[in-house]
Structures are given as structure tokens and as C-alpha cells.
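As provided, input-v6.csv (CSV, C-alpha atoms and all ligand atoms) reads as follows.
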chain,number,residue,atom,x,y,z
D,1,MET,CA,121.5,56.2,90.0
D,2,THR,CA,120.1,58.9,92.2
D,3,SER,CA,116.8,60.4,90.9
D,4,LEU,CA,114.3,62.9,92.1
D,5,GLU,CA,111.5,61.4,94.3
D,6,ILE,CA,108.3,63.2,95.2
D,7,ARG,CA,106.6,61.7,98.3
D,8,HIS,CA,104.3,62.5,101.2
D,9,ALA,CA,106.1,64.1,104.1
D,10,THR,CA,106.3,62.8,107.6
D,11,LEU,CA,107.3,64.5,110.9
D,12,ALA,CA,110.9,63.1,110.3
D,13,ASP,CA,111.2,65.4,107.3
D,14,VAL,CA,110.8,68.6,109.4
D,15,PRO,CA,114.5,69.5,109.6
D,16,GLY,CA,114.8,69.1,105.8
D,17,ILE,CA,111.7,71.2,105.3
D,18,THR,CA,113.1,73.9,107.6
D,19,ALA,CA,116.4,73.9,105.7
D,20,VAL,CA,114.6,74.4,102.4
D,21,HIS,CA,112.7,77.4,103.6
D,22,CYS,CA,115.7,78.9,105.5
D,23,SER,CA,117.8,78.6,102.3
D,24,THR,CA,115.7,81.2,100.6
D,25,VAL,CA,116.3,83.9,103.2
D,26,THR,CA,119.3,86.1,102.5
D,27,VAL,CA,119.0,88.5,105.5
D,28,TRP,CA,117.4,87.6,108.8
D,29,ARG,CA,115.9,90.6,110.6
D,30,ASP,CA,115.0,91.4,114.2
D,31,PRO,CA,111.2,91.6,114.1
D,32,VAL,CA,111.1,94.8,116.2
D,33,THR,CA,114.1,96.9,115.0
D,34,ARG,CA,114.2,95.3,111.5
D,35,ALA,CA,118.1,95.3,111.9
D,36,ALA,CA,120.0,92.5,110.3
D,37,VAL,CA,120.8,89.8,112.8
D,38,PRO,CA,122.3,86.3,112.7
D,39,TYR,CA,119.8,83.4,112.7
D,40,ALA,CA,121.2,82.1,116.0
D,41,GLN,CA,120.3,85.4,117.8
D,42,LEU,CA,116.6,85.1,116.9
D,43,ASP,CA,114.2,83.3,119.3
D,44,VAL,CA,111.5,81.0,117.9
D,45,PHE,CA,109.0,83.9,117.5
D,46,GLY,CA,111.7,86.0,115.8
D,47,ARG,CA,112.4,83.2,113.3
D,48,TRP,CA,108.7,82.8,112.7
D,49,ARG,CA,108.4,86.5,111.9
D,50,ASN,CA,111.0,86.0,109.2
D,51,GLY,CA,108.8,83.8,107.1
D,52,GLY,CA,106.4,81.7,109.1
D,53,PRO,CA,106.4,78.5,111.1
D,54,TRP,CA,108.8,76.7,108.7
D,55,MET,CA,111.7,78.9,109.8
D,56,SER,CA,112.5,76.9,113.0
D,57,VAL,CA,112.3,73.1,113.5
D,58,GLU,CA,110.2,73.7,116.6
D,59,MET,CA,107.4,75.6,114.9
D,60,ALA,CA,107.7,73.6,111.7
D,61,ARG,CA,107.0,70.5,113.7
D,62,VAL,CA,103.8,72.0,115.1
D,63,HIS,CA,102.7,73.2,111.7
D,64,VAL,CA,103.4,69.9,109.9
D,65,ALA,CA,101.8,67.9,112.6
D,66,SER,CA,98.6,70.0,112.5
D,67,LEU,CA,98.3,69.8,108.7
D,68,LEU,CA,98.8,66.0,108.6
D,69,ARG,CA,96.3,65.6,111.5
D,70,ALA,CA,93.8,67.6,109.5
D,71,GLY,CA,94.2,65.3,106.5
D,72,GLN,CA,95.9,67.9,104.3
D,73,ILE,CA,98.8,67.1,102.0
D,74,ILE,CA,102.5,67.9,102.4
D,75,LEU,CA,104.8,66.7,99.6
D,76,VAL,CA,108.6,66.7,99.7
D,77,ALA,CA,111.0,66.5,96.8
D,78,VAL,CA,114.0,64.3,97.7
D,79,TRP,CA,117.3,63.9,95.9
D,80,GLY,CA,119.4,61.2,97.5
D,81,ASP,CA,119.1,61.8,101.2
D,82,GLU,CA,118.4,65.5,100.9
D,83,ILE,CA,115.0,67.3,100.9
D,84,VAL,CA,115.3,69.8,98.1
D,85,GLY,CA,111.7,71.1,97.9
D,86,GLU,CA,108.3,71.2,99.7
D,87,ALA,CA,104.7,71.8,98.7
D,88,GLU,CA,101.6,72.1,100.9
D,89,TYR,CA,98.2,71.4,99.4
D,90,TYR,CA,94.8,72.1,101.0
D,91,PHE,CA,91.5,70.5,100.1
D,92,THR,CA,89.4,73.5,100.7
D,93,GLY,CA,86.1,71.6,100.8
D,94,GLU,CA,84.2,74.6,99.4
D,95,PRO,CA,81.3,74.6,97.0
D,96,GLY,CA,80.9,75.5,93.3
D,97,ASP,CA,83.6,77.6,91.7
D,98,TYR,CA,85.6,77.5,94.9
D,99,ALA,CA,86.1,73.7,94.8
D,100,ALA,CA,89.8,73.3,94.1
D,101,LEU,CA,93.0,71.9,95.4
D,102,HIS,CA,94.8,74.9,96.8
D,103,LEU,CA,98.6,75.1,96.6
D,104,SER,CA,99.4,77.0,99.8
D,105,ILE,CA,103.2,76.7,99.8
D,106,LEU,CA,105.8,75.7,97.2
D,107,TYR,CA,109.5,76.2,98.0
D,108,VAL,CA,112.6,74.7,96.4
D,109,HIS,CA,115.9,74.9,98.1
D,110,ALA,CA,117.9,77.9,96.8
D,111,ALA,CA,120.7,75.7,95.7
D,112,TRP,CA,118.3,73.4,93.7
D,113,GLN,CA,116.1,76.0,91.9
D,114,GLY,CA,115.8,75.9,88.1
D,115,ARG,CA,116.1,72.1,87.8
D,116,GLY,CA,112.5,71.2,87.4
D,117,ILE,CA,111.8,70.5,91.0
D,118,GLY,CA,109.0,73.1,91.4
D,119,ARG,CA,107.3,71.8,88.3
D,120,ALA,CA,107.5,68.2,89.6
D,121,LEU,CA,105.9,69.2,93.0
D,122,LEU,CA,103.2,71.0,91.1
D,123,GLU,CA,102.5,68.1,88.7
D,124,ALA,CA,102.2,65.8,91.7
D,125,GLY,CA,99.5,68.2,93.0
D,126,VAL,CA,97.7,67.9,89.7
D,127,GLU,CA,97.6,64.2,90.1
D,128,LEU,CA,96.2,64.6,93.7
D,129,ALA,CA,93.5,66.9,92.5
D,130,ARG,CA,92.5,64.5,89.7
D,131,GLU,CA,92.4,61.6,92.2
D,132,ARG,CA,89.9,63.5,94.3
D,133,GLY,CA,87.8,64.6,91.3
D,134,LEU,CA,88.8,68.2,91.5
D,135,ARG,CA,89.0,70.2,88.3
D,136,ALA,CA,91.2,73.1,89.4
D,137,LEU,CA,94.3,74.1,91.3
D,138,THR,CA,94.5,77.5,92.9
D,139,THR,CA,97.3,79.5,94.5
D,140,GLN,CA,98.2,83.0,95.6
D,141,PRO,CA,101.7,83.6,94.1
D,142,ASP,CA,104.3,86.0,95.3
D,143,ALA,CA,105.2,88.6,92.7
D,144,GLU,CA,108.6,86.9,92.0
D,145,ALA,CA,106.9,83.5,91.3
D,146,GLN,CA,104.2,84.7,89.0
D,147,GLY,CA,106.2,83.9,85.9
D,148,PHE,CA,106.7,80.3,87.1
D,149,TYR,CA,102.9,79.8,87.6
D,150,ALA,CA,102.1,81.4,84.3
D,151,ARG,CA,104.4,78.8,82.6
D,152,GLN,CA,102.6,76.1,84.5
D,153,GLY,CA,99.2,77.1,83.1
D,154,PHE,CA,97.9,79.3,85.9
D,155,GLY,CA,96.2,82.6,85.3
D,156,VAL,CA,94.6,85.2,87.5
D,157,TRP,CA,91.2,83.9,88.7
D,158,ARG,CA,90.0,86.2,91.4
D,159,VAL,CA,91.3,89.8,91.6
D,160,GLN,CA,91.1,90.7,95.3
D,161,HIS,CA,91.3,94.0,97.0
D,162,GLU,CA,92.1,94.5,100.7
D,163,LEU,CA,90.1,97.4,102.0
D,164,GLN,CA,89.8,99.0,105.4
D,165,LEU,CA,86.4,99.6,107.0
D,166,GLU,CA,85.9,101.7,110.1
D,167,ALA,CA,84.4,99.9,113.1
D,168,ASP,CA,80.9,101.3,113.9
D,169,ALA,CA,79.4,101.2,117.4
D,170,SER,CA,76.2,103.0,116.4
D,171,GLY,CA,74.4,100.1,114.8
D,172,PRO,CA,72.7,97.1,116.5
D,173,LEU,CA,74.8,94.0,117.1
D,174,PRO,CA,73.8,91.1,114.7
D,175,GLN,CA,72.0,88.2,116.2
D,176,LEU,CA,74.8,85.7,115.8
D,177,ALA,CA,76.1,83.1,118.2
D,178,PRO,CA,79.8,83.0,119.3
D,179,VAL,CA,81.7,79.9,118.2
D,180,THR,CA,84.2,78.7,120.7
D,181,SER,CA,85.6,75.5,119.2
D,182,ALA,CA,87.9,75.1,116.2
D,183,ALA,CA,86.1,71.7,115.6
D,184,ALA,CA,82.9,73.5,114.4
D,185,THR,CA,84.1,74.4,110.9
D,186,PRO,CA,81.9,76.3,108.5
D,187,ALA,CA,79.2,74.2,106.7
D,188,PRO,CA,80.3,72.9,103.2
D,189,GLU,CA,77.7,75.0,101.4
D,190,LEU,CA,79.6,78.2,102.5
D,191,ALA,CA,82.7,79.7,100.8
D,192,LEU,CA,85.3,82.0,102.3
D,193,ARG,CA,84.1,85.2,100.6
D,194,ILE,CA,86.1,87.7,102.6
D,195,GLY,CA,89.6,87.2,103.9
D,196,ARG,CA,90.8,84.7,101.3
D,197,TYR,CA,94.4,85.4,102.1
D,198,GLN,CA,95.3,81.9,101.1
D,199,CYS,CA,92.2,79.8,101.1
D,200,GLY,CA,89.3,78.5,103.2
D,201,PRO,CA,91.1,76.2,105.7
D,202,GLN,CA,93.9,78.6,106.4
D,203,GLY,CA,91.3,81.3,107.1
D,204,TRP,CA,89.7,79.1,109.6
D,205,GLU,CA,93.1,78.2,111.2
D,206,ALA,CA,94.0,81.9,111.5
D,207,LEU,CA,91.1,82.3,113.9
D,208,TRP,CA,92.4,79.8,116.5
D,209,PRO,CA,95.6,80.1,118.5
D,210,ALA,CA,97.0,76.9,117.1
D,211,LEU,CA,100.6,77.9,117.4
D,212,GLU,CA,101.4,78.2,121.1
D,213,LEU,CA,103.7,81.1,120.7
D,214,PRO,CA,103.4,84.2,122.9
D,215,GLY,CA,102.7,87.1,120.6
D,216,TRP,CA,100.7,84.8,118.2
D,217,SER,CA,98.4,82.9,120.5
D,218,ASP,CA,97.8,86.1,122.5
D,219,LEU,CA,96.1,87.9,119.5
D,220,ARG,CA,92.4,88.6,120.2
D,221,ARG,CA,90.2,86.4,118.0
D,222,ALA,CA,86.4,85.9,117.9
D,223,VAL,CA,84.1,83.9,115.7
D,224,TRP,CA,80.3,84.0,115.3
D,225,ARG,CA,77.8,82.0,113.3
D,226,GLY,CA,74.1,82.3,112.5
D,227,ASP,CA,71.7,83.7,109.9
D,228,LEU,CA,71.9,87.2,108.4
D,229,ALA,CA,68.9,88.3,106.2
D,230,SER,CA,71.2,87.3,103.3
D,231,GLY,CA,71.5,83.7,104.5
D,232,PRO,CA,73.8,81.6,106.7
D,233,ALA,CA,77.1,83.2,107.7
D,234,VAL,CA,80.2,82.6,109.7
D,235,LEU,CA,82.2,85.7,110.7
D,236,GLY,CA,85.6,85.9,112.3
D,237,LEU,CA,87.9,88.7,113.5
D,238,CYS,CA,91.6,88.3,114.2
D,239,GLU,CA,93.7,91.1,115.7
D,240,GLN,CA,96.6,92.1,113.4
D,241,LEU,CA,100.1,91.3,114.7
D,242,SER,CA,101.3,94.8,113.6
D,243,ASP,CA,98.4,96.9,115.0
D,244,SER,CA,96.2,95.8,117.9
D,245,THR,CA,93.6,98.4,117.0
D,246,GLN,CA,92.9,96.6,113.7
D,247,ALA,CA,91.5,93.2,112.8
D,248,ASP,CA,91.5,91.0,109.7
D,249,ALA,CA,88.0,89.7,108.8
D,250,TYR,CA,87.1,86.2,107.6
D,251,VAL,CA,83.6,85.7,106.3
D,252,TRP,CA,82.0,82.5,105.0
D,253,LEU,CA,78.7,82.9,103.0
D,254,LYS,CA,77.0,81.1,100.2
D,255,PRO,CA,78.9,81.7,97.0
D,256,GLU,CA,76.1,84.0,95.6
D,257,ALA,CA,75.1,85.8,98.8
D,258,PRO,CA,75.4,89.6,98.8
D,259,LEU,CA,78.2,91.0,101.1
D,260,ALA,CA,76.6,94.2,102.4
D,261,LEU,CA,74.9,92.8,105.5
D,262,ALA,CA,78.1,90.9,106.4
D,263,LEU,CA,80.1,94.1,106.2
D,264,THR,CA,77.6,96.0,108.4
D,265,ALA,CA,77.8,93.1,110.9
D,266,LEU,CA,81.6,93.1,110.9
D,267,ARG,CA,81.7,96.9,111.6
D,268,ALA,CA,79.4,96.4,114.7
D,269,LEU,CA,81.2,93.3,115.9
D,270,ALA,CA,84.6,95.0,115.5
D,271,ALA,CA,83.5,98.0,117.5
D,272,ALA,CA,82.1,95.7,120.2
D,273,GLN,CA,85.5,93.9,120.4
D,274,GLY,CA,87.3,97.3,120.8
D,275,PHE,CA,88.8,97.4,117.3
D,276,ARG,CA,89.1,100.7,115.5
D,277,ALA,CA,89.0,99.3,112.0
D,278,VAL,CA,88.7,96.0,110.1
D,279,ASP,CA,90.5,94.9,106.9
D,280,VAL,CA,88.4,93.1,104.4
D,281,LEU,CA,90.0,91.2,101.5
D,282,LEU,CA,87.2,90.7,98.9
D,283,ALA,CA,86.8,89.9,95.2
D,284,ALA,CA,87.0,93.0,93.0
D,285,ALA,CA,83.8,91.6,91.3
D,286,ASP,CA,81.9,92.2,94.6
D,287,LEU,CA,83.0,95.8,94.9
D,288,PRO,CA,80.5,97.6,92.8
D,289,ALA,CA,77.6,96.3,94.9
D,290,VAL,CA,79.2,97.4,98.2
D,291,ARG,CA,81.1,100.6,97.3
D,292,PRO,CA,78.0,102.9,97.4
D,293,HIS,CA,77.2,101.8,101.0
D,294,PHE,CA,80.6,101.9,102.8
D,295,ARG,CA,83.7,104.1,103.0
D,296,LEU,CA,86.4,101.7,102.0
D,297,GLU,CA,90.0,102.6,102.1
D,298,PHE,CA,92.2,100.7,99.6
D,299,GLN,CA,95.1,98.9,101.2
D,300,THR,CA,96.5,96.4,98.7
D,301,ARG,CA,95.7,93.9,95.9
D,302,LEU,CA,96.2,90.1,96.4
D,303,ASP,CA,95.1,88.0,93.5
D,304,LEU,CA,94.3,84.3,93.5
D,305,TRP,CA,95.5,82.3,90.5
D,306,ARG,CA,93.9,79.2,89.1
D,307,ARG,CA,94.8,76.4,86.7
D,308,GLN,CA,91.9,74.5,85.2
D,309,LEU,CA,92.5,70.7,84.9
D,401,LIG,C1,109.3,79.5,92.3
D,401,LIG,C2,109.9,78.2,92.6
D,401,LIG,C3,109.0,77.3,93.4
D,401,LIG,C4,110.2,77.5,91.2
D,401,LIG,O1,110.7,76.2,91.4
D,401,LIG,P1,112.0,75.8,90.5
D,401,LIG,O2,112.3,74.3,90.8
D,401,LIG,O3,113.1,76.7,90.7
D,401,LIG,O4,111.4,75.9,89.0
D,401,LIG,P2,111.5,74.8,87.8
D,401,LIG,O5,112.9,74.5,87.6
D,401,LIG,O6,110.6,73.7,88.1
D,401,LIG,O7,110.9,75.7,86.6
D,401,LIG,C5,109.9,75.3,85.7
D,401,LIG,C6,109.8,76.3,84.6
D,401,LIG,O8,109.4,77.6,85.2
D,401,LIG,C7,110.4,78.6,84.9
D,401,LIG,N1,110.6,79.4,86.1
D,401,LIG,C8,111.0,79.0,87.3
D,401,LIG,N2,111.0,80.1,88.2
D,401,LIG,C9,110.5,81.1,87.5
D,401,LIG,C10,110.2,82.5,87.8
D,401,LIG,N3,110.4,82.9,89.1
D,401,LIG,N4,109.7,83.3,86.8
D,401,LIG,C11,109.5,82.8,85.6
D,401,LIG,N5,109.8,81.5,85.2
D,401,LIG,C12,110.2,80.7,86.1
D,401,LIG,C13,111.7,77.8,84.6
D,401,LIG,O9,112.6,78.5,83.8
D,401,LIG,C14,111.2,76.5,83.9
D,401,LIG,O10,110.9,76.9,82.6
D,401,LIG,P3,110.8,75.8,81.4
D,401,LIG,O11,109.4,75.3,81.5
D,401,LIG,O12,111.1,76.5,80.2
D,401,LIG,O13,111.8,74.7,81.7
D,401,LIG,C15,111.3,78.3,93.2
D,401,LIG,O14,112.1,79.1,92.5
D,401,LIG,C16,111.2,78.9,94.7
D,401,LIG,O15,111.1,78.1,95.6
D,401,LIG,N6,111.4,80.2,94.8
D,401,LIG,C17,111.4,80.8,96.1
D,401,LIG,C18,110.2,80.7,96.9
D,401,LIG,C19,108.9,81.1,96.1
D,401,LIG,O16,108.9,82.1,95.5
D,401,LIG,N7,107.9,80.2,96.2
D,401,LIG,C20,106.6,80.5,95.6
D,401,LIG,C21,105.8,81.3,96.5
D,401,LIG,S1,104.3,81.6,95.9
Just give me the structure as C-alpha cells.
Amino acid sequence: MTSLEIRHATLADVPGITAVHCSTVTVWRDPVTRAAVPYAQLDVFGRWRNGGPWMSVEMARVHVASLLRAGQIILVAVWGDEIVGEAEYYFTGEPGDYAALHLSILYVHAAWQGRGIGRALLEAGVELARERGLRALTTQPDAEAQGFYARQGFGVWRVQHELQLEADASGPLPQLAPVTSAAATPAPELALRIGRYQCGPQGWEALWPALELPGWSDLRRAVWRGDLASGPAVLGLCEQLSDSTQADAYVWLKPEAPLALALTALRALAAAQGFRAVDVLLAAADLPAVRPHFRLEFQTRLDLWRRQL
């Protein structure tokens, strides 16, 4: 009798993974005009803009290969010969409270939702976390999926606000050294304190043009590391796809280090890179300490959820 199998993915699973993600899209849109268009009319970049690298087998292959090469985990749910769901888990390698297995992606094929497949992919992640001695799972759920995660024992862990900070060319540039290699990852005592869009490793990946797509790999990116007066720091800026005058910021600091010096450094570095403004996604708990010193324009709220094991 056919039964549901959860197993580690290989490159051979890519067409099935792409089919799972594409099944959840009801209308494909032209990335520039936003008009509805058939999938066949979109090029690889256009497909990517409709939901990420999973939306074409070409880019999904690059994405899956780079995750597997980095030792991260991709699970597939298989029913008979069909891939019916996919989950991507990251070992963030961060210290203290940030140590967790992060569920970055969980998708069940539209025709297979509501049959326990999402829960099975999640429970497999719980087992993985326990095997590695991790005591928490984290995720950043879309609004529509929050009910699912609440049922699986997750709750809001880190309320995060994305705020915009003007670049500032008037201050001195911080004494930090440029980092030019993706191999030089932040030290394990540092946590991604600003720019936790999904988690530590994804923040690092966003700073390197890993996907060789015109439009994506052409974005201006820069990374610096060194010591601020508040301690060791790694700072990164990445041009936003939608507005070349703005950058997203990624900042690794010790878990308890204050943020103000890093924000001042970001403003100066952003100005030196020719950006007008920089978006900083930070914990609401960090806000009271920085709000008196900066003009911060609220953009959006993006919470991280956590399940304690
Ligand atoms: C969200 C998703 C992963 C859930 O997977 P699924 O296989 O459909 O869910 P399951 O059948 O395993 O559901 C497990 C339980 O959660 C409940 N549930 C599922 N989706 C839910 C939702 N969106 N809101 C509230 N509860 C939900 C189910 O009713 C079930 O309840 P039970 O414990 O009483 O049986 C899946 O619907 C999906 O891929 N959605 C589209 C993509 C997406 O939103 N991914 C998450 C991005 S963060």
C-alpha cells in the first residue's frame, strides 16, 4: 500500500519541488507591468520574481545544489512517485537564544494540502533538531500560515520592525575591513541582529550574488568586518531589487551588544556606497535604546516564531 514518505532531497527531486511551489500560484504576473501572463511567457528571472528560485527548474537546481553543498537540509514528502511537499531547514550556527533549527520553507502541493503532510514535514524537522541537540525550531510564517504554526506549538518569539534610516555622509567612516569572500562567514559568537529576514545563513547568502541571474547578481552588495567600540561586528548592505537608491542591512553582533554604533556605521557606509537610505529589520525589544538617537521611519512588521522543544 502506498504511504507517505519523508526523505532527504537530491538534485533529481528538483522538477517535483518546482511543481509543488508552482501549484500554489494562481496568477503569474509580469514582474514589470504586474499584468497577468501565462507561465510560458515568463523568462527565468520573471519566474523567480513570482516566488523565488523554486519557480523554475533551472533556478531551483542552483538553489537546491547550493543548500546541499552548504550542509543544510531539504526534505521532501513523497506519495507513490509524486513529490507532494518540501521543507528547507537551516542550522543557523548562532549563539545563545539564537541557536535553533530554522524552518525557512514549507510548501505542500495545492492538491495535497490538509492531509497532514505539512505536519509530517515539520515533525521530521523536530527530529533533526533533537538529533543535533537543538532545543528550538524557528520560522517566519506568512500571515495565511500562522494558524498552522500556532497549531504546531509555535508562538511569536521576536517581534521585528523594519525601519528606514537615512544615509549620512557627514560622519566619519568606521574603521572596518571589506570582506570579499563568501567563505569568510561571521564568527560563531555573533548573531544576525539586524536583517533577520529569515535567519542567519540566508542573511549571509543575500550578500553574495550566488544566483547567476542578470538583475539579481547585478545588485550592489558590500560587506565589512572589524571592531566597533561595542565589540566585533560584520555589516552588510545589499541594494534593493525594487529601488536602487535603497539598501537592506545585515548586521552580526554579539547577542547582547548595543545597536547604536552599528546603525551609525551603516548610515556612513550606505552614504559612501551611494545609497540614499537603508532598511534595518530589528527586534522591537532593541527599539527603545535606539529610537532617541535616530530618525526611523516605520516600514513593516515581520515576526519570527519559535517552538521550544
Ligand atoms: C501551510 C501548509 C504548509 C500546511 O500544510 P498542510 O499539509 O496543508 O497542513 P496539515 O494537513 O499538515 O495541517 C495540520 C493541522 O494544521 C491545520 N492547518 C493547516 N493549514 C492551516 C492554516 N493555514 N491555518 C490554520 N490551520 C491550518 C490543519 O487543519 C491541521 O489541523 P489538525 O491538527 O486539527 O488536524 C500548506 O497549506 C501550504 O503549503 N500552504 C501554502 C504555502 C505556505 O503558506 N507555506 C508556509 C509559508 S510560511
inquiry  = Which residues are near ligand LIG 401 (chain D) in this structure, taking near to mean any atom at most 12 Å from a ligand atom and counting only C-alpha atoms and all ligand atoms? Format them as a ChimeraX atom specification.
reply    = /D:4,17,20-26,51,77,84-88,102-123,138-154,198,302-305
Counting all atoms listed in the file, the residue among D:Val179, D:Leu237, D:Leu67, D:Cys199 that lies closest to Leu101 of chain D is D:Cys199
I need the residue nearest Ala233 of chain D from this list: D:Leu173, D:Ala283, D:Ala191, D:Ala268. Use all atoms listed in the file for the distance.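 Under the stated criterion, the closest residue is D:Ala191.
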Excluding segment 167-172 of chain D and residues on its chain fewer than 5 positions from it, collect all residues at most 7 Å away from it, counting only C-alpha atoms, and give them as a list in words. Arg267, Ala268, Ala270, Ala271, Ala272, Phe275, Arg276, Ala277 and Val278 of chain D
Item to check | D:Ala36, D:Ile73, D:Val126, D:Val14 ranked by distance to Arg306 of chain D, top pick (using only C-alpha atoms) | outcome: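 Checking each of D:Ala36, D:Ile73, D:Val126, D:Val14 against Arg306 of chain D, counting only C-alpha atoms, the winner is D:Val126.
Only residues having an atom at most 7 Å from (86.7, 88.2, 107.7) are included; using all atoms listed in the file, these are Ile194, Gly195, Leu235, Gly236, Leu237, Asp248, Ala249, Tyr250, Val251 and Val280 of chain D.
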* To do: Would you mind reading off the distance between atom CA of Gln246 of chain D and atom CA of Ala229 of chain D, one decimal, in Å?
  =>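 These two atoms are separated by 26.5 Å.
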**OP:** Extract, using only C-alpha atoms, all DNA, RNA and protein residues at most 6 Å from Val234 of chain D, discarding same-chain residues fewer than 3 positions from it, and format them as a ChimeraX atom specification.
**Re:** /D:224-225,251-252
(Q) Please compute the atom CA of Leu259 of chain D-atom CA of Glu205 of chain D distance, one decimal, in Å. (A)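 Interatomic distance, atom CA of Leu259 of chain D to atom CA of Glu205 of chain D: 22.1 Å.
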List the spatial neighbours of Leu42 of chain D as a PDB file with C-alpha atoms, in the coordinates of the input - criterion: any atom at most 9 Å away, all atoms listed in the file, same-chain residues fewer than 2 positions off excluded.
ATOM      1  CA  TRP D  28     117.400  87.600 108.800  1.00  0.00           C
ATOM      2  CA  ARG D  29     115.900  90.600 110.600  1.00  0.00           C
ATOM      3  CA  ASP D  30     115.000  91.400 114.200  1.00  0.00           C
ATOM      4  CA  PRO D  31     111.200  91.600 114.100  1.00  0.00           C
ATOM      5  CA  VAL D  37     120.800  89.800 112.800  1.00  0.00           C
ATOM      6  CA  PRO D  38     122.300  86.300 112.700  1.00  0.00           C
ATOM      7  CA  TYR D  39     119.800  83.400 112.700  1.00  0.00           C
ATOM      8  CA  ALA D  40     121.200  82.100 116.000  1.00  0.00           C
ATOM      9  CA  VAL D  44     111.500  81.000 117.900  1.00  0.00           C
ATOM     10  CA  PHE D  45     109.000  83.900 117.500  1.00  0.00           C
ATOM     11  CA  GLY D  46     111.700  86.000 115.800  1.00  0.00           C
ATOM     12  CA  ARG D  47     112.400  83.200 113.300  1.00  0.00           C
TER      13      ARG D  47
END
Just how far from atom CA of Arg307 of chain D is atom CA of Asp279 of chain D, in Å to one decimal?
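Here the two named atoms are 27.7 Å from each other.
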For this session: List the neighbours of Ala285 of chain D out to 12 Å using all atoms listed in the file; skip same-chain residues closer than 5 positions along the sequence, and give me the result as a ChimeraX atom specification.
Result: /D:157-161,193,256,258-259,290-291
